[in-house]
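Asks: Would you mind keeping the following structure in view while I ask a few things?
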Amino acid sequence: MLDVRDLRVEFRTRDGVARAVNGVSWAVDAGETLAVLGESGSGKSVTAQAVMGILDVPPGRITGGEVLFKGRDLLRMKEDERRRIRGAEMAMIFQDALSSLNPVVPVGDQLGEMFVVHRGMSRKDARARAVELMDRVRIPAARQRVGDYPHQFSGGMRQRIMIAMALALEPALIIADEPTTALDVTVQAQVMDLLAELRREYRMGLVLITHDLGVVADVADRIAVMYAGRIVESAPVHDLYRAPAHPYTRGLLDSIPRLDRKGHALHAIKGLPPNLMDIPPGCAFHPRCPAARDVCRTDVPPPHPVDEHRGSACHFWRECLHD
Ligand code: SF4
Ligand code: MG
């Protein structure tokens with residue numbers, strides 16, 4: 001359904017060119033959940049913003065690639081058509097509901113507005129649909145709360161409202177960028193469960209962008225791991241958990257607490273993600289990689305097919321896989 005191919009994005013700053021996305025490819029099918037995983041600065045949000053066409057601020061520029069939605073390239077479409085697809089067929093959920101919602105408009109009106117603008121409904125019918133949606137995302141006493149303002153809801157409830165906004169027009173695809181990161185842990189799990197349940201029910205595709213490998217295990221079908229603007233590993237979630245084929249993925253797995261790995265020390269990956277204005281030559285991960293050798297400092301590892309469903313951009317993926 002959505003096929004991102006060799007996407008490239010730069011940011012021009014006073015200090016130089018930041019190469020934020022350097023040839024990223026991933027695809028998500030109808031009804032599938034893809035997790036895009038990476039540390040901050042890995043290019044995962046920028047990729048999503050390029051896909052959604054909201055990359056204007058700061059001065060980002062798409063310098064290459066294709067974003068095929070149902071076979072047609074969004075990057076080369078007429079603006080009005082692109083806007084229609086991005087409004088009705090693809091929706092986005094952000095981390096921070098408070099800054100995405102209008103603080104001075106009751107949430108019911110913001111939800112209702114979707115139906116007024118895109119479906120030509122009357123205000124009264126739109127408000128009824130807003131209540132239905134608030135019910136659907138399990139906001140207690142939706143009918144009584146439809147006139148409340150965003151600040152009158154808790155963080156978790158606001159994030160449910162964002163989900164309701166995204167669902168309103170029943171899009172084919174939702175892109176959720178760190179949708180639960182601002183919430184505390186128990187609320188995170190509830191919101192993630194709700195999102196997974198609604199995705200199934202509406203048979204949508206979901207792209208879940210996160211820095212937290214812990215939240216994706218139960219909801220994602222596939223994972224694409226990003227580092228320095230590239231996909232370093234892509235695999236079905238269970239394969240990746242069972243045996244990562246990239247040292248970076250292995251590092252991420254080793255740094256989350258797991259019951260089945262009792263006795264193993266928790267290692268965080270040493271060092272910091274690279275400056276995107278000065279990405280290390282060869283494999284961008286080499287300064288932090290425990291398995292790095294000479295070739296890693298000079299040759300960019302191409303994406304190697306590990307099997308039919310997996311890929312790894314590591315020269316030594318075989319050793320990693322069998323380690
Ligand atoms: Fe490590 Fe080399 Fe593989 Fe990069 S290519 S992840 S530096 S072993
Ligand atoms: Mg981000």
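Residue numbers start at 1 in each chain; chains themselves are named A, B, ... in the order of the structure tokens; ligands are numbered from 1 in the order shown.
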When you look at Arg119 (chain A) with a cut-off of 12 Å (counting only C-alpha atoms), what residues show up, excluding the ones that are within fewer than 3 positions of it in the same chain? I need them as a VMD selection string.
Replies: chain A and resid 87 to 88 112 to 116 122 to 123 125 to 126 129 168 to 170
Asks: If you keep N, CA and C atoms, can you produce a file of those selected residues as a PDB file, in the first residue's frame?
Replies:
```pdb
ATOM      1  N   GLY A  87      -5.074  13.916   3.472  1.00  0.00           N
ATOM      2  CA  GLY A  87      -6.127  14.239   4.435  1.00  0.00           C
ATOM      3  C   GLY A  87      -6.999  13.044   4.753  1.00  0.00           C
ATOM      4  N   ALA A  88      -7.427  12.327   3.729  1.00  0.00           N
ATOM      5  CA  ALA A  88      -8.462  11.313   3.928  1.00  0.00           C
ATOM      6  C   ALA A  88      -7.924   9.891   3.988  1.00  0.00           C
ATOM      7  N   GLY A 112     -15.396  17.075  15.170  1.00  0.00           N
ATOM      8  CA  GLY A 112     -16.523  17.295  14.265  1.00  0.00           C
ATOM      9  C   GLY A 112     -16.107  18.001  12.981  1.00  0.00           C
ATOM     10  N   GLU A 113     -15.141  18.912  13.110  1.00  0.00           N
ATOM     11  CA  GLU A 113     -14.639  19.676  11.969  1.00  0.00           C
ATOM     12  C   GLU A 113     -14.198  18.758  10.812  1.00  0.00           C
ATOM     13  N   MET A 114     -13.610  17.610  11.170  1.00  0.00           N
ATOM     14  CA  MET A 114     -13.179  16.648  10.153  1.00  0.00           C
ATOM     15  C   MET A 114     -14.365  16.246   9.258  1.00  0.00           C
ATOM     16  N   PHE A 115     -15.517  16.025   9.895  1.00  0.00           N
ATOM     17  CA  PHE A 115     -16.693  15.560   9.138  1.00  0.00           C
ATOM     18  C   PHE A 115     -17.349  16.705   8.375  1.00  0.00           C
ATOM     19  N   VAL A 116     -17.279  17.909   8.961  1.00  0.00           N
ATOM     20  CA  VAL A 116     -17.843  19.075   8.281  1.00  0.00           C
ATOM     21  C   VAL A 116     -17.034  19.356   7.012  1.00  0.00           C
ATOM     22  N   SER A 122     -23.565  18.326   8.559  1.00  0.00           N
ATOM     23  CA  SER A 122     -24.020  19.466   9.359  1.00  0.00           C
ATOM     24  C   SER A 122     -23.282  19.447  10.695  1.00  0.00           C
ATOM     25  N   ARG A 123     -23.225  20.603  11.367  1.00  0.00           N
ATOM     26  CA  ARG A 123     -22.587  20.703  12.686  1.00  0.00           C
ATOM     27  C   ARG A 123     -23.166  19.687  13.672  1.00  0.00           C
ATOM     28  N   ASP A 125     -24.834  16.780  13.103  1.00  0.00           N
ATOM     29  CA  ASP A 125     -24.446  15.398  12.796  1.00  0.00           C
ATOM     30  C   ASP A 125     -22.972  15.168  13.107  1.00  0.00           C
ATOM     31  N   ALA A 126     -22.162  16.179  12.806  1.00  0.00           N
ATOM     32  CA  ALA A 126     -20.720  16.048  13.043  1.00  0.00           C
ATOM     33  C   ALA A 126     -20.442  15.889  14.537  1.00  0.00           C
ATOM     34  N   ARG A 129     -21.163  12.388  15.554  1.00  0.00           N
ATOM     35  CA  ARG A 129     -20.067  11.498  15.142  1.00  0.00           C
ATOM     36  C   ARG A 129     -18.865  11.665  16.075  1.00  0.00           C
ATOM     37  N   ALA A 168     -10.952   9.336  12.223  1.00  0.00           N
ATOM     38  CA  ALA A 168     -12.244   9.918  11.846  1.00  0.00           C
ATOM     39  C   ALA A 168     -12.648   9.596  10.411  1.00  0.00           C
ATOM     40  N   LEU A 169     -11.718   9.759   9.483  1.00  0.00           N
ATOM     41  CA  LEU A 169     -12.077   9.573   8.074  1.00  0.00           C
ATOM     42  C   LEU A 169     -11.761   8.162   7.595  1.00  0.00           C
ATOM     43  N   GLU A 170     -11.504   7.265   8.558  1.00  0.00           N
ATOM     44  CA  GLU A 170     -11.175   5.874   8.261  1.00  0.00           C
ATOM     45  C   GLU A 170     -10.104   5.765   7.174  1.00  0.00           C
TER      46      GLU A 170
END
```
Asks: Determine, counting only C-alpha atoms, which protein, DNA and RNA residues have an atom within 8 Å of an atom of Ile163 (chain A); residues of the same chain fewer than 2 positions away are not included. Present the result as a list of chain:residue names.
Replies: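 Returned residues: A:Ile93, A:Val137, A:Gln159, A:Arg160, A:Ile161, A:Met165, A:Ala166, A:Leu167, A:Leu195.
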Asks: Could the residues that lie within 10 Å of ligand 2, counting only C-alpha atoms and all ligand atoms, be listed as a PyMOL selection string?
Replies: chain A and resi 38-49+94-95+177-178+209-211
Asks: Keeping only C-alpha atoms, write the selected residues as an mmCIF file, in the first residue's frame.
Replies:
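That gives us selection.cif:
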```cif
data_model
loop_
_atom_site.group_PDB
_atom_site.id
_atom_site.type_symbol
_atom_site.label_atom_id
_atom_site.label_comp_id
_atom_site.auth_asym_id
_atom_site.auth_seq_id
_atom_site.Cartn_x
_atom_site.Cartn_y
_atom_site.Cartn_z
ATOM 1 C CA GLY A 38 15.789 4.313 16.084
ATOM 2 C CA GLU A 39 17.437 6.713 18.514
ATOM 3 C CA SER A 40 16.608 10.388 18.243
ATOM 4 C CA GLY A 41 18.384 11.845 15.226
ATOM 5 C CA SER A 42 18.230 8.554 13.317
ATOM 6 C CA GLY A 43 15.928 10.068 10.699
ATOM 7 C CA LYS A 44 12.787 8.133 11.602
ATOM 8 C CA SER A 45 10.547 11.160 12.225
ATOM 9 C CA VAL A 46 11.947 13.031 9.242
ATOM 10 C CA THR A 47 11.111 10.047 7.021
ATOM 11 C CA ALA A 48 7.524 10.114 8.310
ATOM 12 C CA GLN A 49 7.265 13.861 7.813
ATOM 13 C CA PHE A 94 2.131 12.878 17.036
ATOM 14 C CA GLN A 95 3.809 12.504 20.399
ATOM 15 C CA ASP A 177 5.295 9.128 15.715
ATOM 16 C CA GLU A 178 6.167 8.215 19.305
ATOM 17 C CA ILE A 209 7.751 5.223 14.906
ATOM 18 C CA THR A 210 9.512 4.714 18.188
ATOM 19 C CA HIS A 211 12.830 4.734 20.002
#
```
Asks: Residues within 7 Å of Asn22 (chain A), please, as number ranges by chain. Count only C-alpha atoms; anything in the same chain fewer than 5 positions from it doesn't count.
Replies: A: 7-9, 229-230
Asks: What would the file look like if the residues just selected were written as a PDB file, in the first residue's frame with N, CA and C atoms?
Replies:
```
ATOM      1  N   LEU A   7      14.438   6.979  -0.262  1.00  0.00           N
ATOM      2  CA  LEU A   7      14.130   8.366   0.123  1.00  0.00           C
ATOM      3  C   LEU A   7      15.366   9.064   0.696  1.00  0.00           C
ATOM      4  N   ARG A   8      15.561  10.295   0.277  1.00  0.00           N
ATOM      5  CA  ARG A   8      16.692  11.110   0.753  1.00  0.00           C
ATOM      6  C   ARG A   8      16.206  12.489   1.164  1.00  0.00           C
ATOM      7  N   VAL A   9      16.615  12.901   2.354  1.00  0.00           N
ATOM      8  CA  VAL A   9      16.211  14.222   2.851  1.00  0.00           C
ATOM      9  C   VAL A   9      17.422  14.920   3.467  1.00  0.00           C
ATOM     10  N   GLY A 229      20.177   7.832   9.443  1.00  0.00           N
ATOM     11  CA  GLY A 229      19.459   8.075   8.205  1.00  0.00           C
ATOM     12  C   GLY A 229      19.379   6.906   7.256  1.00  0.00           C
ATOM     13  N   ARG A 230      19.754   5.712   7.742  1.00  0.00           N
ATOM     14  CA  ARG A 230      19.642   4.513   6.909  1.00  0.00           C
ATOM     15  C   ARG A 230      18.917   3.419   7.674  1.00  0.00           C
TER      16      ARG A 230
END
```
Asks: Point out the residue among A:Cys320, A:Cys283, A:Ile85, A:Val107 with the least atom-to-atom distance to ligand 1, counting only C-alpha atoms and all ligand atoms.
Replies: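 That would be A:Cys283, the residue with the smallest distance to ligand 1.
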Asks: Residues of region 91-298 of chain A classed as alpha helix (DSSP H) by DSSP on the backbone are to be reported as a CSV table (one decimal) with N, CA and C atoms, in the first residue's frame.
Replies:
```csv
chain,number,residue,atom,x,y,z
A,97,ALA,N,0.1,15.6,22.0
A,97,ALA,CA,-1.3,16.0,21.7
A,97,ALA,C,-1.6,17.4,22.0
A,98,LEU,N,-1.0,17.9,23.1
A,98,LEU,CA,-1.3,19.3,23.5
A,98,LEU,C,-0.9,20.3,22.5
A,99,SER,N,0.2,20.1,21.8
A,99,SER,CA,0.5,21.1,20.8
A,99,SER,C,-0.1,20.8,19.4
A,100,SER,N,-0.7,19.6,19.3
A,100,SER,CA,-1.4,19.3,18.0
A,100,SER,C,-2.8,19.7,18.0
A,107,VAL,N,-12.8,19.8,22.2
A,107,VAL,CA,-12.4,18.7,21.4
A,107,VAL,C,-13.4,18.1,20.5
A,108,GLY,N,-14.7,18.2,20.9
A,108,GLY,CA,-15.8,17.7,20.1
A,108,GLY,C,-15.9,18.5,18.8
A,109,ASP,N,-15.6,19.8,18.9
A,109,ASP,CA,-15.7,20.6,17.6
A,109,ASP,C,-14.5,20.3,16.7
A,110,GLN,N,-13.3,20.0,17.3
A,110,GLN,CA,-12.2,19.7,16.5
A,110,GLN,C,-12.4,18.4,15.8
A,111,LEU,N,-13.0,17.4,16.5
A,111,LEU,CA,-13.3,16.1,15.9
A,111,LEU,C,-14.4,16.3,14.8
A,112,GLY,N,-15.4,17.1,15.2
A,112,GLY,CA,-16.5,17.3,14.3
A,112,GLY,C,-16.1,18.0,13.0
A,113,GLU,N,-15.1,18.9,13.1
A,113,GLU,CA,-14.6,19.7,12.0
A,113,GLU,C,-14.2,18.8,10.8
A,114,MET,N,-13.6,17.6,11.2
A,114,MET,CA,-13.2,16.6,10.2
A,114,MET,C,-14.4,16.2,9.3
A,115,PHE,N,-15.5,16.0,9.9
A,115,PHE,CA,-16.7,15.6,9.1
A,115,PHE,C,-17.3,16.7,8.4
A,116,VAL,N,-17.3,17.9,9.0
A,116,VAL,CA,-17.8,19.1,8.3
A,116,VAL,C,-17.0,19.4,7.0
A,117,VAL,N,-15.7,19.4,7.2
A,117,VAL,CA,-14.8,19.8,6.1
A,117,VAL,C,-14.8,18.7,5.0
A,118,HIS,N,-14.5,17.4,5.4
A,118,HIS,CA,-14.3,16.4,4.4
A,118,HIS,C,-15.5,15.6,4.0
A,119,ARG,N,-16.6,15.6,4.8
A,119,ARG,CA,-17.8,14.8,4.5
A,119,ARG,C,-19.0,15.7,4.3
A,123,ARG,N,-23.2,20.6,11.4
A,123,ARG,CA,-22.6,20.7,12.7
A,123,ARG,C,-23.2,19.7,13.7
A,124,LYS,N,-24.5,19.5,13.6
A,124,LYS,CA,-25.2,18.7,14.6
A,124,LYS,C,-24.8,17.2,14.4
A,125,ASP,N,-24.8,16.8,13.1
A,125,ASP,CA,-24.4,15.4,12.8
A,125,ASP,C,-23.0,15.2,13.1
A,126,ALA,N,-22.2,16.2,12.8
A,126,ALA,CA,-20.7,16.0,13.0
A,126,ALA,C,-20.4,15.9,14.5
A,127,ARG,N,-21.2,16.6,15.4
A,127,ARG,CA,-21.0,16.5,16.8
A,127,ARG,C,-21.4,15.1,17.3
A,128,ALA,N,-22.5,14.6,16.7
A,128,ALA,CA,-22.9,13.2,17.1
A,128,ALA,C,-21.8,12.2,16.7
A,129,ARG,N,-21.2,12.4,15.6
A,129,ARG,CA,-20.1,11.5,15.1
A,129,ARG,C,-18.9,11.7,16.1
A,130,ALA,N,-18.6,12.9,16.5
A,130,ALA,CA,-17.5,13.2,17.5
A,130,ALA,C,-17.7,12.4,18.8
A,131,VAL,N,-19.0,12.4,19.3
A,131,VAL,CA,-19.3,11.6,20.5
A,131,VAL,C,-19.0,10.1,20.3
A,132,GLU,N,-19.5,9.6,19.1
A,132,GLU,CA,-19.3,8.2,18.8
A,132,GLU,C,-17.8,7.9,18.8
A,133,LEU,N,-17.0,8.7,18.2
A,133,LEU,CA,-15.6,8.5,18.1
A,133,LEU,C,-14.9,8.5,19.5
A,134,MET,N,-15.4,9.5,20.3
A,134,MET,CA,-14.8,9.6,21.7
A,134,MET,C,-15.1,8.3,22.5
A,135,ASP,N,-16.3,7.8,22.2
A,135,ASP,CA,-16.7,6.5,22.8
A,135,ASP,C,-15.8,5.4,22.4
A,136,ARG,N,-15.6,5.4,21.1
A,136,ARG,CA,-14.8,4.4,20.4
A,136,ARG,C,-13.4,4.3,21.0
A,142,ALA,N,-18.3,10.3,27.2
A,142,ALA,CA,-18.0,11.1,26.0
A,142,ALA,C,-19.1,12.2,25.8
A,143,ARG,N,-20.3,11.8,26.0
A,143,ARG,CA,-21.4,12.8,25.7
A,143,ARG,C,-21.3,14.1,26.6
A,144,GLN,N,-20.9,13.8,27.8
A,144,GLN,CA,-20.8,15.0,28.7
A,144,GLN,C,-19.5,15.8,28.4
A,145,ARG,N,-18.5,15.1,27.8
A,145,ARG,CA,-17.2,15.8,27.7
A,145,ARG,C,-16.9,16.3,26.3
A,155,GLY,N,-3.2,13.5,29.9
A,155,GLY,CA,-2.3,13.2,28.8
A,155,GLY,C,-2.8,12.0,28.0
A,156,GLY,N,-3.1,10.9,28.7
A,156,GLY,CA,-3.6,9.7,28.1
A,156,GLY,C,-4.9,9.9,27.3
A,157,MET,N,-5.8,10.7,27.9
A,157,MET,CA,-7.1,10.9,27.2
A,157,MET,C,-6.9,11.8,26.0
A,158,ARG,N,-5.9,12.8,26.1
A,158,ARG,CA,-5.7,13.6,24.9
A,158,ARG,C,-5.1,12.8,23.8
A,159,GLN,N,-4.3,11.8,24.2
A,159,GLN,CA,-3.7,11.0,23.1
A,159,GLN,C,-4.8,10.1,22.5
A,160,ARG,N,-5.8,9.7,23.3
A,160,ARG,CA,-6.9,9.0,22.7
A,160,ARG,C,-7.7,9.9,21.7
A,161,ILE,N,-7.8,11.2,22.1
A,161,ILE,CA,-8.5,12.1,21.2
A,161,ILE,C,-7.7,12.2,19.9
A,162,MET,N,-6.4,12.2,20.0
A,162,MET,CA,-5.6,12.3,18.7
A,162,MET,C,-5.8,11.0,17.9
A,163,ILE,N,-6.0,9.9,18.5
A,163,ILE,CA,-6.2,8.7,17.8
A,163,ILE,C,-7.6,8.8,17.1
A,164,ALA,N,-8.6,9.3,17.9
A,164,ALA,CA,-9.9,9.5,17.3
A,164,ALA,C,-9.9,10.4,16.1
A,165,MET,N,-9.1,11.5,16.1
A,165,MET,CA,-8.9,12.4,15.0
A,165,MET,C,-8.4,11.7,13.8
A,166,ALA,N,-7.3,10.9,14.1
A,166,ALA,CA,-6.7,10.1,13.0
A,166,ALA,C,-7.7,9.1,12.3
A,167,LEU,N,-8.5,8.5,13.2
A,167,LEU,CA,-9.5,7.5,12.7
A,167,LEU,C,-10.7,8.1,12.0
A,185,VAL,N,4.1,4.8,32.2
A,185,VAL,CA,4.2,3.5,31.6
A,185,VAL,C,2.9,2.7,31.5
A,186,THR,N,2.0,2.8,32.6
A,186,THR,CA,0.8,2.1,32.5
A,186,THR,C,-0.2,2.6,31.4
A,187,VAL,N,-0.2,4.0,31.3
A,187,VAL,CA,-1.0,4.6,30.3
A,187,VAL,C,-0.5,4.3,28.9
A,188,GLN,N,0.8,4.3,28.8
A,188,GLN,CA,1.4,3.9,27.5
A,188,GLN,C,0.9,2.6,27.0
A,189,ALA,N,0.9,1.6,27.9
A,189,ALA,CA,0.4,0.3,27.4
A,189,ALA,C,-1.1,0.3,27.0
A,190,GLN,N,-1.9,1.0,27.8
A,190,GLN,CA,-3.3,1.1,27.4
A,190,GLN,C,-3.5,1.8,26.1
A,191,VAL,N,-2.8,2.9,25.8
A,191,VAL,CA,-3.0,3.6,24.6
A,191,VAL,C,-2.5,2.7,23.4
A,192,MET,N,-1.3,2.0,23.6
A,192,MET,CA,-0.8,1.2,22.6
A,192,MET,C,-1.8,0.0,22.3
A,193,ASP,N,-2.3,-0.6,23.3
A,193,ASP,CA,-3.3,-1.6,23.1
A,193,ASP,C,-4.5,-1.1,22.3
A,194,LEU,N,-5.0,0.0,22.7
A,194,LEU,CA,-6.1,0.6,22.0
A,194,LEU,C,-5.8,0.8,20.5
A,195,LEU,N,-4.6,1.4,20.2
A,195,LEU,CA,-4.2,1.6,18.9
A,195,LEU,C,-4.1,0.3,18.1
A,196,ALA,N,-3.6,-0.7,18.7
A,196,ALA,CA,-3.4,-2.0,18.0
A,196,ALA,C,-4.8,-2.6,17.7
A,197,GLU,N,-5.7,-2.5,18.7
A,197,GLU,CA,-7.1,-3.0,18.5
A,197,GLU,C,-7.8,-2.3,17.4
A,198,LEU,N,-7.7,-1.0,17.4
A,198,LEU,CA,-8.5,-0.2,16.4
A,198,LEU,C,-7.9,-0.5,15.0
A,199,ARG,N,-6.6,-0.6,14.9
A,199,ARG,CA,-5.9,-1.0,13.7
A,199,ARG,C,-6.5,-2.2,13.1
A,200,ARG,N,-6.6,-3.2,13.9
A,200,ARG,CA,-7.2,-4.5,13.5
A,200,ARG,C,-8.6,-4.3,13.0
A,201,GLU,N,-9.4,-3.7,13.8
A,201,GLU,CA,-10.8,-3.5,13.6
A,201,GLU,C,-11.0,-2.7,12.2
A,202,TYR,N,-10.3,-1.7,12.0
A,202,TYR,CA,-10.5,-0.9,10.8
A,202,TYR,C,-9.6,-1.4,9.7
A,213,LEU,N,12.2,-0.2,21.8
A,213,LEU,CA,12.1,-1.6,21.3
A,213,LEU,C,11.1,-2.3,22.1
A,214,GLY,N,11.0,-1.9,23.4
A,214,GLY,CA,10.0,-2.6,24.3
A,214,GLY,C,8.6,-2.5,23.9
A,215,VAL,N,8.2,-1.4,23.3
A,215,VAL,CA,6.8,-1.2,23.0
A,215,VAL,C,6.3,-1.9,21.7
A,216,VAL,N,7.3,-2.3,20.9
A,216,VAL,CA,6.9,-2.8,19.6
A,216,VAL,C,6.6,-4.3,19.5
A,237,VAL,N,9.2,-9.2,13.2
A,237,VAL,CA,9.5,-8.9,14.6
A,237,VAL,C,10.1,-10.1,15.3
A,238,HIS,N,9.5,-11.2,15.1
A,238,HIS,CA,10.0,-12.4,15.9
A,238,HIS,C,11.4,-12.9,15.5
A,239,ASP,N,11.6,-12.8,14.2
A,239,ASP,CA,13.0,-13.1,13.8
A,239,ASP,C,14.0,-12.2,14.4
A,240,LEU,N,13.7,-10.9,14.4
A,240,LEU,CA,14.6,-9.9,14.9
A,240,LEU,C,14.9,-10.1,16.4
A,241,TYR,N,13.9,-10.4,17.1
A,241,TYR,CA,14.1,-10.6,18.5
A,241,TYR,C,14.9,-11.9,18.8
A,242,ARG,N,14.6,-12.9,18.0
A,242,ARG,CA,15.2,-14.2,18.2
A,242,ARG,C,16.7,-14.1,17.9
A,247,PRO,N,24.8,-5.7,14.5
A,247,PRO,CA,25.3,-5.4,15.8
A,247,PRO,C,24.5,-4.3,16.5
A,248,TYR,N,24.0,-3.3,15.8
A,248,TYR,CA,23.3,-2.2,16.4
A,248,TYR,C,22.0,-2.7,17.0
A,249,THR,N,21.3,-3.6,16.2
A,249,THR,CA,20.0,-4.2,16.7
A,249,THR,C,20.3,-5.0,18.0
A,250,ARG,N,21.4,-5.7,17.9
A,250,ARG,CA,21.8,-6.6,19.1
A,250,ARG,C,22.0,-5.7,20.3
A,251,GLY,N,22.7,-4.5,20.1
A,251,GLY,CA,22.9,-3.6,21.2
A,251,GLY,C,21.6,-3.1,21.7
A,252,LEU,N,20.7,-2.8,20.9
A,252,LEU,CA,19.4,-2.3,21.4
A,252,LEU,C,18.7,-3.4,22.2
A,253,LEU,N,18.7,-4.6,21.7
A,253,LEU,CA,18.1,-5.7,22.4
A,253,LEU,C,18.7,-6.0,23.7
A,254,ASP,N,20.0,-5.9,23.8
A,254,ASP,CA,20.7,-6.1,25.0
A,254,ASP,C,20.5,-5.0,26.0
A,294,ASP,N,38.6,-3.3,9.8
A,294,ASP,CA,39.1,-2.3,8.9
A,294,ASP,C,38.1,-1.9,7.8
A,295,VAL,N,37.5,-2.9,7.2
A,295,VAL,CA,36.7,-2.7,6.1
A,295,VAL,C,35.5,-1.8,6.5
A,296,CYS,N,35.1,-1.9,7.7
A,296,CYS,CA,33.9,-1.1,8.2
A,296,CYS,C,34.2,0.4,8.2
A,297,ARG,N,35.5,0.8,8.3
A,297,ARG,CA,35.8,2.2,8.3
A,297,ARG,C,35.9,2.8,7.0
A,298,THR,N,35.9,2.0,5.9
A,298,THR,CA,36.0,2.5,4.6
A,298,THR,C,34.8,2.2,3.7
```
Asks: Which of region 24-273 of chain A counts as strand (DSSP E or B) under DSSP, as a ChimeraX atom specification please?
Replies: /A:24-28,33-37,60-69,72-73,90-93,173-177,205-210,222-227,230-236
Asks: Using only C-alpha atoms and all ligand atoms, determine which residues fall within 10 Å of ligand 1, then list them as a ChimeraX atom specification.
Replies: /A:232-233,245-250,282-302,312-320
Asks: Quick one: distance from CA of Gly147 (chain A) to CA of Ile54 (chain A) in Å, one decimal?
Replies: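 Value for the CA of Gly147 (chain A)-CA of Ile54 (chain A) distance: 29.3 Å.
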Asks: Under the rule that only C-alpha atoms are counted, which of A:Ala235, A:Ala228, A:Ile175, A:Val36 is the nearest residue to Glu308 (chain A)?
Replies: A:Ala235
